[in-house]
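Undergrad: Just work.txt, nothing more (compact mmCIF, C-alpha atoms):
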```txt
# COMPACT_ATOMS: atom_id res chain seq x y z
CA ILE V 1 87.90 12.36 93.70
CA GLY V 2 85.56 15.31 93.88
CA SER V 3 81.93 14.88 92.94
CA ALA V 4 78.82 16.72 91.87
CA ASP V 5 76.88 14.11 93.88
CA TYR V 6 74.90 15.76 96.66
CA ARG V 7 72.79 14.43 99.53
CA CYS V 8 69.57 16.15 100.50
CA VAL V 9 66.29 15.70 102.30
CA MET V 10 63.47 15.64 99.76
CA TYR V 11 60.21 17.14 100.99
CA ASN V 12 57.25 15.27 99.47
CA PHE V 13 54.39 17.70 98.93
CA ASP V 14 51.91 14.98 97.95
CA ALA V 15 52.63 12.77 100.94
CA CYS V 16 52.92 15.30 103.79
CA ASP V 17 50.93 18.52 104.09
CA VAL V 18 53.18 20.10 106.74
CA PHE V 19 55.59 21.02 103.92
CA GLU V 20 53.03 23.23 102.19
CA ASP V 21 54.13 26.20 104.32
CA VAL V 22 57.49 27.34 103.00
CA ARG V 23 58.45 28.52 106.50
CA VAL V 24 58.46 24.92 107.75
CA ARG V 25 60.87 23.90 104.99
CA GLN V 26 63.04 26.95 105.58
CA ALA V 27 63.08 26.21 109.32
CA LEU V 28 64.22 22.63 108.75
CA ASN V 29 66.92 23.90 106.41
CA TYR V 30 68.19 26.33 109.04
CA ALA V 31 68.11 23.50 111.61
CA THR V 32 70.37 21.30 109.47
CA ASP V 33 74.02 21.40 110.56
CA SER V 34 75.60 20.43 107.25
CA GLN V 35 79.15 21.03 108.45
CA ALA V 36 78.63 18.50 111.25
CA VAL V 37 77.47 15.97 108.64
CA VAL V 38 80.57 16.61 106.51
CA ASP V 39 82.91 16.36 109.50
CA ALA V 40 81.41 13.45 111.44
CA ILE V 41 79.52 11.34 108.89
CA ALA V 42 81.43 11.98 105.65
CA HIS V 43 84.69 12.09 107.68
CA GLY V 44 85.65 15.31 105.94
CA TYR V 45 85.27 13.89 102.43
CA GLY V 46 82.81 16.42 101.09
CA GLN V 47 81.56 19.96 101.38
CA ILE V 48 78.41 21.80 102.41
CA ALA V 49 75.77 21.90 99.68
CA TYR V 50 73.46 24.82 98.94
CA SER V 51 72.51 24.32 95.27
CA PRO V 52 72.09 21.56 92.68
CA LEU V 53 74.43 23.50 90.36
CA GLN V 54 77.17 24.18 92.88
CA LYS V 55 79.75 22.20 90.87
CA ASN V 56 78.57 23.58 87.55
CA LYS V 57 79.87 26.53 85.54
CA PHE V 58 76.45 28.15 86.02
CA ASN V 59 76.65 28.05 89.82
CA CYS V 60 75.13 31.09 91.51
CA GLU V 61 76.73 32.08 94.80
CA ASP V 62 74.17 34.76 95.57
CA VAL V 63 71.45 32.54 97.03
CA VAL V 64 70.12 31.86 100.53
CA LYS V 65 72.50 29.25 101.93
CA TYR V 66 70.64 28.38 105.15
CA ASP V 67 73.65 28.54 107.44
CA TYR V 68 73.00 26.54 110.60
CA ASP V 69 70.80 28.71 112.82
CA PRO V 70 68.46 26.79 115.18
CA GLU V 71 67.17 30.01 116.73
CA LYS V 72 66.05 31.30 113.35
CA ALA V 73 64.50 27.90 112.66
CA ALA V 74 62.51 28.04 115.90
CA ALA V 75 61.36 31.58 115.12
CA LEU V 76 60.12 30.55 111.67
CA LEU V 77 58.12 27.65 113.10
CA LYS V 78 56.58 29.95 115.71
CA GLU V 79 55.74 32.50 113.01
CA ALA V 80 54.07 29.69 111.03
CA GLY V 81 51.85 28.95 114.04
CA TRP V 82 53.53 25.80 115.32
CA VAL V 83 53.63 25.74 119.14
CA ASP V 84 53.66 23.06 121.82
CA THR V 85 50.19 23.48 123.29
CA ASP V 86 50.10 20.27 125.34
CA GLY V 87 53.64 20.23 126.70
CA ASP V 88 54.66 16.94 125.11
CA GLY V 89 57.73 18.44 123.43
CA ILE V 90 56.24 18.27 119.93
CA LEU V 91 54.95 21.35 118.14
CA ASP V 92 51.34 21.30 116.99
CA LYS V 93 48.89 23.46 115.05
CA ASP V 94 45.13 23.13 114.67
CA GLY V 95 45.25 19.73 116.35
CA GLU V 96 47.96 18.38 114.03
CA LYS V 97 51.46 17.42 115.22
CA LEU V 98 54.51 18.63 113.32
CA SER V 99 55.37 15.07 112.44
CA PHE V 100 56.73 13.17 109.43
CA THR V 101 58.88 10.16 108.54
CA LEU V 102 62.30 10.47 106.93
CA THR V 103 63.19 7.39 104.86
CA ALA V 104 66.63 6.23 103.73
CA PRO V 105 67.85 3.07 101.97
CA VAL V 106 69.10 0.66 104.63
CA ASP V 107 72.11 -0.45 102.57
CA ASP V 108 73.50 3.10 102.35
CA GLU V 109 75.26 3.68 105.66
CA VAL V 110 75.96 7.35 104.98
CA ARG V 111 72.33 8.18 104.22
CA VAL V 112 71.07 6.22 107.23
CA ASN V 113 73.54 8.02 109.50
CA ILE V 114 72.56 11.41 108.08
CA GLY V 115 68.89 10.62 108.60
CA THR V 116 69.42 9.41 112.14
CA TYR V 117 71.38 12.55 112.99
CA LEU V 118 68.80 14.91 111.44
CA SER V 119 65.93 13.16 113.20
CA SER V 120 67.67 13.68 116.52
CA GLU V 121 68.53 17.32 115.80
CA TRP V 122 65.09 18.29 114.52
CA LYS V 123 63.41 16.76 117.57
CA LYS V 124 65.25 19.36 119.66
CA LEU V 125 63.11 21.92 117.79
CA GLY V 126 59.93 20.05 118.58
CA VAL V 127 59.71 18.35 115.20
CA ASP V 128 58.65 14.72 115.44
CA CYS V 129 60.80 13.26 112.66
CA THR V 130 60.93 9.46 112.63
CA MET V 131 63.87 7.87 110.82
CA SER V 132 62.99 4.80 108.74
CA ALA V 133 65.66 2.65 107.05
CA LEU V 134 64.17 0.33 104.43
CA GLY V 135 65.36 -1.93 101.64
CA TRP V 136 64.92 -0.59 98.12
CA ASP V 137 62.29 -3.27 97.43
CA ALA V 138 60.13 -1.63 100.12
CA ILE V 139 60.71 1.97 99.00
CA ASP V 140 58.54 4.03 96.68
CA ILE V 141 60.14 7.47 96.84
CA THR V 142 56.97 9.14 95.57
CA LYS V 143 55.11 7.81 98.61
CA CYS V 144 57.72 8.70 101.27
CA GLU V 145 56.89 11.78 103.35
CA SER V 146 60.52 12.77 103.08
CA PHE V 147 63.52 10.93 101.68
CA LEU V 148 67.33 11.06 101.91
CA LEU V 149 67.95 11.60 98.22
CA GLY V 150 71.08 11.72 96.09
CA TRP V 151 71.43 13.66 92.85
CA GLY V 152 74.00 15.63 90.92
CA SER V 153 75.64 15.78 87.52
CA PRO V 154 78.98 17.26 86.33
CA PHE V 155 77.59 17.66 82.81
CA ASP V 156 75.24 20.22 81.26
CA ALA V 157 73.26 22.19 83.83
CA ASP V 158 69.99 20.90 82.37
CA ASP V 159 70.87 17.29 83.20
CA HIS V 160 69.78 17.05 86.84
CA THR V 161 67.58 20.14 87.11
CA TYR V 162 64.77 20.19 84.54
CA LYS V 163 63.73 16.58 85.12
CA VAL V 164 64.17 16.85 88.90
CA PHE V 165 62.51 20.20 89.73
CA GLY V 166 60.22 20.76 86.74
CA THR V 167 56.51 20.35 87.43
CA GLY V 168 55.38 16.84 86.52
CA LYS V 169 58.78 15.76 85.19
CA GLY V 170 59.98 12.18 85.44
CA ALA V 171 62.46 12.49 88.32
CA ASN V 172 60.45 15.03 90.32
CA TYR V 173 59.60 12.51 93.05
CA SER V 174 58.54 15.21 95.50
CA SER V 175 55.78 16.69 93.27
CA TYR V 176 57.47 20.07 93.70
CA SER V 177 55.87 22.77 91.56
CA ASN V 178 56.96 26.36 91.15
CA GLU V 179 55.96 28.39 88.08
CA LYS V 180 59.08 30.55 88.15
CA VAL V 181 61.35 27.51 88.45
CA ASP V 182 59.58 25.96 85.45
CA GLN V 183 59.96 29.18 83.48
CA TYR V 184 63.67 29.64 84.20
CA LEU V 185 64.58 25.98 83.55
CA THR V 186 62.71 26.08 80.25
CA GLU V 187 64.38 29.35 79.19
CA ALA V 188 67.79 27.90 80.00
CA ARG V 189 67.33 24.70 78.01
CA GLN V 190 65.92 26.49 74.97
CA SER V 191 68.96 28.69 74.43
CA ASP V 192 72.54 27.96 73.37
CA ASP V 193 73.70 31.44 74.38
CA PRO V 194 75.83 31.06 77.56
CA GLU V 195 74.82 34.50 78.85
CA VAL V 196 71.10 33.80 78.42
CA ARG V 197 71.51 30.42 80.10
CA LYS V 198 73.51 31.90 82.98
CA GLU V 199 70.86 34.51 83.69
CA ALA V 200 68.12 31.87 83.64
CA TYR V 201 70.02 29.43 85.85
CA ASP V 202 70.89 32.22 88.30
CA LYS V 203 67.20 33.07 88.63
CA PHE V 204 66.35 29.36 88.97
CA GLN V 205 68.80 28.89 91.83
CA VAL V 206 67.60 31.98 93.69
CA GLU V 207 63.95 30.89 93.40
CA LEU V 208 64.71 27.29 94.42
CA ALA V 209 66.58 28.52 97.48
CA ASN V 210 63.71 30.81 98.50
CA ASP V 211 61.11 28.07 97.93
CA PRO V 212 63.12 24.93 98.70
CA ALA V 213 62.19 21.50 97.41
CA TYR V 214 65.03 19.98 99.42
CA ALA V 215 67.25 20.57 102.39
CA PHE V 216 70.60 20.46 100.62
CA ILE V 217 73.15 18.91 102.95
CA CYS V 218 76.50 18.03 101.39
CA TYR V 219 78.42 16.92 98.33
CA ILE V 220 80.09 13.55 98.85
CA ASP V 221 83.63 13.00 97.56
CA ALA V 222 84.50 9.55 96.22
CA ASN V 223 87.39 7.44 97.50
CA TYR V 224 88.80 4.85 95.11
CA VAL V 225 91.80 2.55 95.28
CA ALA V 226 93.56 1.61 92.05
CA ASP V 227 96.61 -0.41 91.11
CA ALA V 228 99.58 1.90 90.66
CA ASP V 229 100.29 0.34 87.25
CA ILE V 230 96.99 1.55 85.81
CA GLN V 231 97.61 4.58 83.61
CA GLY V 232 95.31 7.44 82.62
CA ILE V 233 93.42 7.97 85.87
CA ASP V 234 92.56 11.66 86.19
CA PRO V 235 92.32 12.73 89.86
CA ASP V 236 90.60 15.96 88.78
CA THR V 237 87.60 14.06 87.44
CA ILE V 238 84.28 15.23 88.86
CA MET V 239 81.96 12.29 89.43
CA GLY V 240 78.19 12.45 89.17
CA HIS V 241 75.49 10.62 91.09
CA HIS V 242 76.03 6.84 90.61
CA GLY V 243 79.40 7.85 89.16
```
Let me see the structure of the file written as structure tokens.
TA:
Amino acid sequence: IGSADYRCVMYNFDACDVFEDVRVRQALNYATDSQAVVDAIAHGYGQIAYSPLQKNKFNCEDVVKYDYDPEKAAALLKEAGWVDTDGDGILDKDGEKLSFTLTAPVDDEVRVNIGTYLSSEWKKLGVDCTMSALGWDAIDITKCESFLLGWGSPFDADDHTYKVFGTGKGANYSSYSNEKVDQYLTEARQSDDPEVRKEAYDKFQVELANDPAYAFICYIDANYVADADIQGIDPDTIMGHHG
């Protein structure tokens, strides 16, 4: 069954200052081989993600999709002033290492495998990303430097956008704040005109892609087994996060 449930790396702006420079986030996005995750970790049951509204009627195709490009990623980090001055294989700037921890819930094998893979790949760029798998009782997402997050809704476009990316909203665990994103999400939720909403959500998706809160990785399809005698199961159902 297809899903609107995506996996992403959440950059926590309160917990890790290396994410303040948008070029670092863009570089990590370019250094993420989402197709490899779909093929090897999701075993083909999914698709590359580039937007939180990809499975929504207001999806905007015309956004930066961060196709896998490690050379572009390296160039962005260099442009941002991150270089390996001491030859230890880790980039540094003003005495600070390009280092952070990526946390995932230990009981979610897919997220742990994604995190382990990304940590290994990003280290090839000189990014010291440490993978940490913890139980939910030991996790406070708002305190994690970065987190393997899951979100996504097949319902109204407002459902998993305004509360997730809006400044100070309840599910904005990364403390992401962008005035244009706030403006467009507010415009979209205050109108019932589909054309007005489409224009606002298009602008939202373009701005979020240019100033990413996450590294979008993939949408995860759901596999269910049901007794053949059960009637009324719709294989075209689109599941949401925790669906």
Undergrad: Please provide the set of residues having any atom within 9 Å of stretch 39-56 of chain V, restricted to all atoms listed in the file, with same-chain residues fewer than 3 positions apart removed, written as an mmCIF file with C-alpha atoms, keeping the file's coordinate frame.
TA:
```cif
data_model
loop_
_atom_site.group_PDB
_atom_site.id
_atom_site.type_symbol
_atom_site.label_atom_id
_atom_site.label_comp_id
_atom_site.auth_asym_id
_atom_site.auth_seq_id
_atom_site.Cartn_x
_atom_site.Cartn_y
_atom_site.Cartn_z
ATOM 1 C CA GLY V 2 85.560 15.310 93.880
ATOM 2 C CA SER V 3 81.930 14.880 92.940
ATOM 3 C CA ALA V 4 78.820 16.720 91.870
ATOM 4 C CA ASP V 5 76.880 14.110 93.880
ATOM 5 C CA TYR V 6 74.900 15.760 96.660
ATOM 6 C CA ARG V 7 72.790 14.430 99.530
ATOM 7 C CA CYS V 8 69.570 16.150 100.500
ATOM 8 C CA SER V 34 75.600 20.430 107.250
ATOM 9 C CA GLN V 35 79.150 21.030 108.450
ATOM 10 C CA ALA V 36 78.630 18.500 111.250
ATOM 11 C CA ASN V 59 76.650 28.050 89.820
ATOM 12 C CA CYS V 60 75.130 31.090 91.510
ATOM 13 C CA GLU V 61 76.730 32.080 94.800
ATOM 14 C CA VAL V 63 71.450 32.540 97.030
ATOM 15 C CA VAL V 64 70.120 31.860 100.530
ATOM 16 C CA LYS V 65 72.500 29.250 101.930
ATOM 17 C CA TYR V 66 70.640 28.380 105.150
ATOM 18 C CA VAL V 110 75.960 7.350 104.980
ATOM 19 C CA ASN V 113 73.540 8.020 109.500
ATOM 20 C CA ILE V 114 72.560 11.410 108.080
ATOM 21 C CA TRP V 151 71.430 13.660 92.850
ATOM 22 C CA GLY V 152 74.000 15.630 90.920
ATOM 23 C CA SER V 153 75.640 15.780 87.520
ATOM 24 C CA PRO V 154 78.980 17.260 86.330
ATOM 25 C CA PHE V 155 77.590 17.660 82.810
ATOM 26 C CA ASP V 156 75.240 20.220 81.260
ATOM 27 C CA ALA V 157 73.260 22.190 83.830
ATOM 28 C CA HIS V 160 69.780 17.050 86.840
ATOM 29 C CA THR V 161 67.580 20.140 87.110
ATOM 30 C CA TYR V 201 70.020 29.430 85.850
ATOM 31 C CA GLN V 205 68.800 28.890 91.830
ATOM 32 C CA LEU V 208 64.710 27.290 94.420
ATOM 33 C CA ALA V 209 66.580 28.520 97.480
ATOM 34 C CA ALA V 215 67.250 20.570 102.390
ATOM 35 C CA PHE V 216 70.600 20.460 100.620
ATOM 36 C CA ILE V 217 73.150 18.910 102.950
ATOM 37 C CA CYS V 218 76.500 18.030 101.390
ATOM 38 C CA TYR V 219 78.420 16.920 98.330
ATOM 39 C CA ILE V 220 80.090 13.550 98.850
ATOM 40 C CA ASP V 221 83.630 13.000 97.560
ATOM 41 C CA ALA V 222 84.500 9.550 96.220
ATOM 42 C CA ASN V 223 87.390 7.440 97.500
ATOM 43 C CA ILE V 238 84.280 15.230 88.860
#
```
Undergrad: Mind pulling up the distance from atom CA of V:Leu134 to atom CA of V:Leu102?
TA: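 These atoms are spaced 10.6 Å apart.
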Undergrad: I'd like to know which of V:Asp202, V:Asp17, V:Asp234, V:Asp182 is closest to V:Val164, using all atoms listed in the file.
TA: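 Closest residue, counting all atoms listed in the file: V:Asp182.
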Undergrad: Choose the residue, out of V:Val9, V:Leu98, V:Ala138, V:Val225, that has the smallest atom-to-atom separation from V:Val112; count only C-alpha atoms.
TA: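 Using only C-alpha atoms, V:Val112 sits closest to V:Val9.
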Undergrad: Could you check how far atom CA of V:Leu125 sits from atom CA of V:Ser177, in Å to one decimal?
TA: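 A separation of 27.2 Å between them.
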Undergrad: Show me, as a list in words, the residues that have an atom within 12 Å of V:Asp140 when counting all atoms listed in the file, minus same-chain residues fewer than 2 positions from it.
TA: Asn12, Ala15, Thr103, Ala104, Pro105, Leu134, Gly135, Trp136, Asp137, Ala138, Thr142, Lys143, Cys144, Glu145, Ser146, Phe147, Tyr173 and Ser174 of chain V
Undergrad: Counting all atoms listed in the file, select every polymer residue within 10 Å of (65.2, 27.7, 78.7) as defined in the file's coordinates, and provide the selection as number ranges by chain.
TA: V: 158, 162, 182-192, 196-197, 200-201
Undergrad: What does the structure give for the distance between atom CA of V:Asp211 and atom CA of V:Asp193, in Å to one decimal?
TA: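 About the pair atom CA of V:Asp211 and atom CA of V:Asp193: they are 26.9 Å apart.
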Undergrad: Within 8 Å of V:Ala80, counting only C-alpha atoms, which residues qualify if same-chain residues fewer than 5 places away don't, as a list in words?
TA: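 Residues meeting the cut-off are Asp21, Arg23 and Val24 of chain V.
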Undergrad: I'd like to know which of V:Gly170, V:Gly89, V:Gly232, V:Gly115 is closest to V:Thr32, using only C-alpha atoms.
TA: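 Going through V:Gly170, V:Gly89, V:Gly232, V:Gly115 one by one, the smallest distance to V:Thr32 is for V:Gly115.
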